[in-house]
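**Student:** Dropping in input27.tsv, with TSV, C-alpha atoms.
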chain	number	residue	atom	x	y	z
A	1	MET	CA	3.06	46.35	-24.30
A	2	THR	CA	5.81	44.62	-22.36
A	3	ASP	CA	5.89	44.33	-18.59
A	4	GLY	CA	9.08	43.79	-16.60
A	5	PRO	CA	10.79	40.41	-16.86
A	6	GLU	CA	10.40	37.69	-14.29
A	7	ARG	CA	13.56	35.56	-14.11
A	8	ARG	CA	14.10	32.12	-12.65
A	9	ASP	CA	17.36	30.19	-12.62
A	10	ALA	CA	18.14	26.61	-11.73
A	11	ARG	CA	21.76	26.34	-10.62
A	12	ALA	CA	22.67	29.34	-12.77
A	13	ASP	CA	26.30	29.05	-11.68
A	14	GLN	CA	26.66	25.85	-13.70
A	15	PRO	CA	27.05	26.06	-17.49
A	16	GLU	CA	24.13	24.80	-19.57
A	17	ARG	CA	21.70	24.99	-16.64
A	18	LEU	CA	18.21	26.30	-17.25
A	19	SER	CA	17.01	29.87	-16.96
A	20	ALA	CA	13.67	31.36	-17.93
A	21	VAL	CA	12.62	34.97	-18.33
A	22	ALA	CA	8.91	35.75	-18.66
A	23	THR	CA	7.56	38.96	-20.17
A	24	VAL	CA	4.14	40.00	-21.47
A	25	THR	CA	3.66	41.16	-25.05
A	26	ASP	CA	0.20	42.17	-26.29
A	27	GLY	CA	-1.52	40.11	-23.59
A	28	VAL	CA	0.58	37.00	-24.25
A	29	ARG	CA	3.17	35.71	-21.82
A	30	VAL	CA	6.46	35.06	-23.60
A	31	VAL	CA	8.84	32.77	-21.73
A	32	ALA	CA	12.42	32.81	-23.02
A	33	VAL	CA	14.14	29.60	-21.96
A	34	ALA	CA	17.91	29.04	-22.10
A	35	GLY	CA	20.04	26.02	-21.25
A	36	GLY	CA	19.25	22.36	-20.82
A	37	ILE	CA	15.84	20.95	-19.87
A	38	ASP	CA	16.21	17.69	-18.00
A	39	TYR	CA	15.11	15.91	-14.83
A	40	ASP	CA	17.07	18.34	-12.63
A	41	THR	CA	15.64	21.50	-14.22
A	42	CYS	CA	12.13	20.53	-15.32
A	43	ASP	CA	10.48	21.55	-12.03
A	44	MET	CA	11.63	25.12	-12.53
A	45	LEU	CA	10.27	25.12	-16.10
A	46	GLN	CA	6.99	23.65	-14.88
A	47	GLN	CA	6.62	26.42	-12.29
A	48	THR	CA	7.43	29.06	-14.88
A	49	LEU	CA	4.75	27.74	-17.27
A	50	GLU	CA	2.01	27.47	-14.64
A	51	ILE	CA	-1.00	29.70	-15.10
A	52	THR	CA	-0.52	32.25	-12.35
A	53	ASP	CA	-2.78	34.90	-13.89
A	54	PRO	CA	-6.08	33.65	-15.35
A	55	SER	CA	-6.18	36.71	-17.60
A	56	LEU	CA	-2.98	35.46	-19.33
A	57	PRO	CA	-3.78	31.89	-20.48
A	58	ARG	CA	-1.77	32.31	-23.70
A	59	VAL	CA	1.97	31.54	-23.72
A	60	VAL	CA	4.75	31.47	-26.27
A	61	VAL	CA	7.81	29.51	-25.16
A	62	ASP	CA	10.91	30.92	-26.86
A	63	MET	CA	13.15	27.87	-27.25
A	64	ARG	CA	15.96	29.48	-29.32
A	65	GLN	CA	18.53	29.05	-26.54
A	66	VAL	CA	17.55	25.57	-25.37
A	67	THR	CA	20.59	23.35	-25.82
A	68	PHE	CA	19.15	20.02	-24.68
A	69	MET	CA	15.79	18.52	-23.77
A	70	ASP	CA	14.94	15.04	-22.56
A	71	SER	CA	11.60	13.36	-21.85
A	72	SER	CA	11.21	15.42	-18.66
A	73	GLY	CA	10.92	18.54	-20.82
A	74	ILE	CA	8.44	16.83	-23.13
A	75	ASN	CA	6.24	15.96	-20.17
A	76	VAL	CA	6.37	19.53	-18.80
A	77	LEU	CA	5.51	21.07	-22.18
A	78	LEU	CA	2.64	18.65	-22.75
A	79	ALA	CA	1.18	19.25	-19.28
A	80	ALA	CA	1.47	23.03	-19.73
A	81	TYR	CA	-0.14	22.80	-23.18
A	82	ARG	CA	-3.09	20.90	-21.71
A	83	ALA	CA	-3.43	23.29	-18.76
A	84	HIS	CA	-3.46	26.37	-20.99
A	85	ARG	CA	-5.98	24.83	-23.38
A	86	GLY	CA	-8.14	23.88	-20.41
A	87	ALA	CA	-8.04	27.52	-19.27
A	88	GLY	CA	-9.24	28.72	-22.67
A	89	GLY	CA	-5.81	29.71	-23.94
A	90	TRP	CA	-2.93	28.10	-25.76
A	91	LEU	CA	0.77	27.33	-25.59
A	92	ARG	CA	3.02	27.68	-28.64
A	93	LEU	CA	6.71	27.00	-29.16
A	94	ALA	CA	9.06	29.28	-31.08
A	95	GLY	CA	12.60	28.93	-32.37
A	96	THR	CA	13.14	25.30	-31.40
A	97	THR	CA	16.32	23.96	-33.03
A	98	GLY	CA	18.96	21.28	-32.72
A	99	ALA	CA	18.64	18.55	-30.12
A	100	ALA	CA	15.48	20.04	-28.60
A	101	LEU	CA	13.72	20.05	-31.98
A	102	ARG	CA	14.84	16.50	-32.65
A	103	THR	CA	13.40	15.39	-29.30
A	104	LEU	CA	10.06	17.06	-30.13
A	105	GLN	CA	9.99	15.36	-33.52
A	106	ILE	CA	10.90	11.90	-32.23
A	107	VAL	CA	7.92	11.84	-29.87
A	108	GLY	CA	5.62	13.74	-32.24
A	109	LEU	CA	5.00	16.66	-29.90
A	110	ASP	CA	5.63	19.05	-32.78
A	111	THR	CA	2.38	17.75	-34.29
A	112	VAL	CA	0.45	18.49	-31.08
A	113	ILE	CA	1.85	21.85	-30.00
A	114	ASP	CA	2.05	24.61	-32.61
A	115	CYS	CA	5.71	25.25	-33.44
A	116	HIS	CA	6.90	28.43	-35.14
A	117	GLU	CA	10.26	29.65	-36.40
A	118	THR	CA	10.11	32.94	-34.48
A	119	VAL	CA	8.38	34.48	-31.48
A	120	ASP	CA	6.73	37.05	-33.76
A	121	GLN	CA	5.22	34.29	-35.91
A	122	ALA	CA	3.95	32.49	-32.80
A	123	LEU	CA	2.37	35.69	-31.51
A	124	ARG	CA	0.62	36.38	-34.83
A	125	ALA	CA	-0.61	32.82	-35.52
Give the structure from the file, written as structure tokens.

**Tutor:**
Amino acid sequence: MTDGPERRDARADQPERLSAVATVTDGVRVVAVAGGIDYDTCDMLQQTLEITDPSLPRVVVDMRQVTFMDSSGINVLLAAYRAHRGAGGWLRLAGTTGAALRTLQIVGLDTVIDCHETVDQALRA
């Protein structure tokens, strides 16, 4: 079951800026992120990943369209991962590629947060 999308944009008029669309699939919040995650956009991502509904502590972050991520994004993902685990849920990443994947690998976050090739795989894991 999918509810309507919730969209947030950070300076959407600028190319490569961050946007996030959240939907619910089978009781799991799926957040599709597009653009660059950096110091200027990480607050919006943090707000999007906050637990706003205690009945939905499970989240898949669809990273297929993330073009860049610096340490600000790493910190946001790690904090969200810890918050969701603390609420009895989980946070998983899906479709991370390119520079964003390399950033995850450099700091070892891909060994902490479950990473999957697709959203479907993350939902079924």

**Student:** Between A:Leu77, A:Leu123, A:Val28, A:Val66, which has the minimum distance to Leu45 in chain A (counting only C-alpha atoms)?

**Tutor:**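 Smallest separation from Leu45 in chain A among the options: A:Leu77.
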
**Student:** Using only C-alpha atoms, pick whichever of A:Val31, A:Val119, A:Cys42, A:Ala125 has the shortest atom-to-atom distance to Val76 in chain A.

**Tutor:**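 Closest to Val76 in chain A, using only C-alpha atoms: A:Cys42.
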
**Student:** Closest to Thr97 in chain A among A:Ala122, A:Val30, A:Ala20, A:Met69, using only C-alpha atoms?

**Tutor:** A:Met69

**Student:** One number please: CA of Ser55 in chain A to CA of Ala32 in chain A, in Å, one decimal.

**Tutor:**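 So the answer is 19.8 Å.
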
**Student:** List as CSV every residue of range 27-105 of chain A that is in contact with range 111-115 of chain A, defined as an atom at most 12 Å from one of its atoms (using only C-alpha atoms), together with the nearest atom pair and the distance in Å rounded to one decimal, sorted by chain and then rising number.

**Tutor:**
residue,atom,partner,partner_atom,distance
A:Val59,CA,A:Asp114,CA,11.3
A:Val60,CA,A:Cys115,CA,9.5
A:Val61,CA,A:Cys115,CA,9.5
A:Asp62,CA,A:Cys115,CA,10.1
A:Met63,CA,A:Cys115,CA,10.0
A:Arg64,CA,A:Cys115,CA,11.8
A:Ile74,CA,A:Ile113,CA,10.8
A:Leu77,CA,A:Ile113,CA,8.7
A:Leu78,CA,A:Ile113,CA,8.0
A:Ala79,CA,A:Ile113,CA,11.1
A:Ala80,CA,A:Ile113,CA,10.3
A:Tyr81,CA,A:Ile113,CA,7.2
A:Arg82,CA,A:Ile113,CA,9.7
A:His84,CA,A:Ile113,CA,11.4
A:Arg85,CA,A:Ile113,CA,10.7
A:Trp90,CA,A:Ile113,CA,8.9
A:Leu91,CA,A:Ile113,CA,7.1
A:Arg92,CA,A:Asp114,CA,5.1
A:Leu93,CA,A:Cys115,CA,4.7
A:Ala94,CA,A:Cys115,CA,5.7
A:Gly95,CA,A:Cys115,CA,7.9
A:Thr96,CA,A:Cys115,CA,7.7
A:Thr97,CA,A:Cys115,CA,10.7
A:Leu101,CA,A:Cys115,CA,9.7
A:Leu104,CA,A:Thr111,CA,8.8
A:Gln105,CA,A:Thr111,CA,8.0

**Student:** Please determine, counting all atoms listed in the file, which residue among A:Thr48, A:Arg102, A:Tyr39, A:Leu56 has the shortest atom-to-atom distance to Ser72 in chain A.

**Tutor:**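 Among the listed residues, A:Tyr39 lies closest to Ser72 in chain A.
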
**Student:** Can you patch up range 96-107 of chain A, filling it in to N, CA, C and O atoms, and show the result as a compact mmCIF listing (two decimals), in the frame of the given file?

**Tutor:**
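The result, written out as result29.txt:
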# COMPACT_ATOMS: atom_id res chain seq x y z
N THR A 96 12.54 26.56 -31.85
CA THR A 96 13.14 25.30 -31.40
C THR A 96 14.08 24.77 -32.48
O THR A 96 13.71 24.67 -33.65
N THR A 97 15.31 24.44 -32.09
CA THR A 97 16.32 23.96 -33.03
C THR A 97 17.11 22.82 -32.41
O THR A 97 16.95 22.51 -31.23
N GLY A 98 17.98 22.25 -33.20
CA GLY A 98 18.96 21.28 -32.72
C GLY A 98 18.37 20.09 -31.99
O GLY A 98 17.37 19.51 -32.40
N ALA A 99 19.02 19.74 -30.89
CA ALA A 99 18.64 18.55 -30.12
C ALA A 99 17.23 18.67 -29.55
O ALA A 99 16.50 17.68 -29.48
N ALA A 100 16.83 19.87 -29.16
CA ALA A 100 15.48 20.04 -28.60
C ALA A 100 14.43 19.79 -29.67
O ALA A 100 13.42 19.12 -29.42
N LEU A 101 14.66 20.28 -30.88
CA LEU A 101 13.72 20.05 -31.98
C LEU A 101 13.65 18.57 -32.32
O LEU A 101 12.57 18.02 -32.52
N ARG A 102 14.80 17.94 -32.34
CA ARG A 102 14.84 16.50 -32.65
C ARG A 102 14.04 15.72 -31.61
O ARG A 102 13.30 14.80 -31.96
N THR A 103 14.16 16.07 -30.35
CA THR A 103 13.40 15.39 -29.30
C THR A 103 11.90 15.58 -29.52
O THR A 103 11.13 14.62 -29.41
N LEU A 104 11.47 16.80 -29.84
CA LEU A 104 10.06 17.06 -30.13
C LEU A 104 9.57 16.21 -31.29
O LEU A 104 8.47 15.64 -31.25
N GLN A 105 10.37 16.11 -32.33
CA GLN A 105 9.99 15.36 -33.52
C GLN A 105 9.94 13.87 -33.27
O GLN A 105 9.04 13.18 -33.77
N ILE A 106 10.87 13.34 -32.50
CA ILE A 106 10.90 11.90 -32.23
C ILE A 106 9.61 11.45 -31.55
O ILE A 106 9.05 10.41 -31.90
N VAL A 107 9.13 12.24 -30.59
CA VAL A 107 7.92 11.84 -29.87
C VAL A 107 6.64 12.39 -30.51
O VAL A 107 5.55 12.08 -30.06
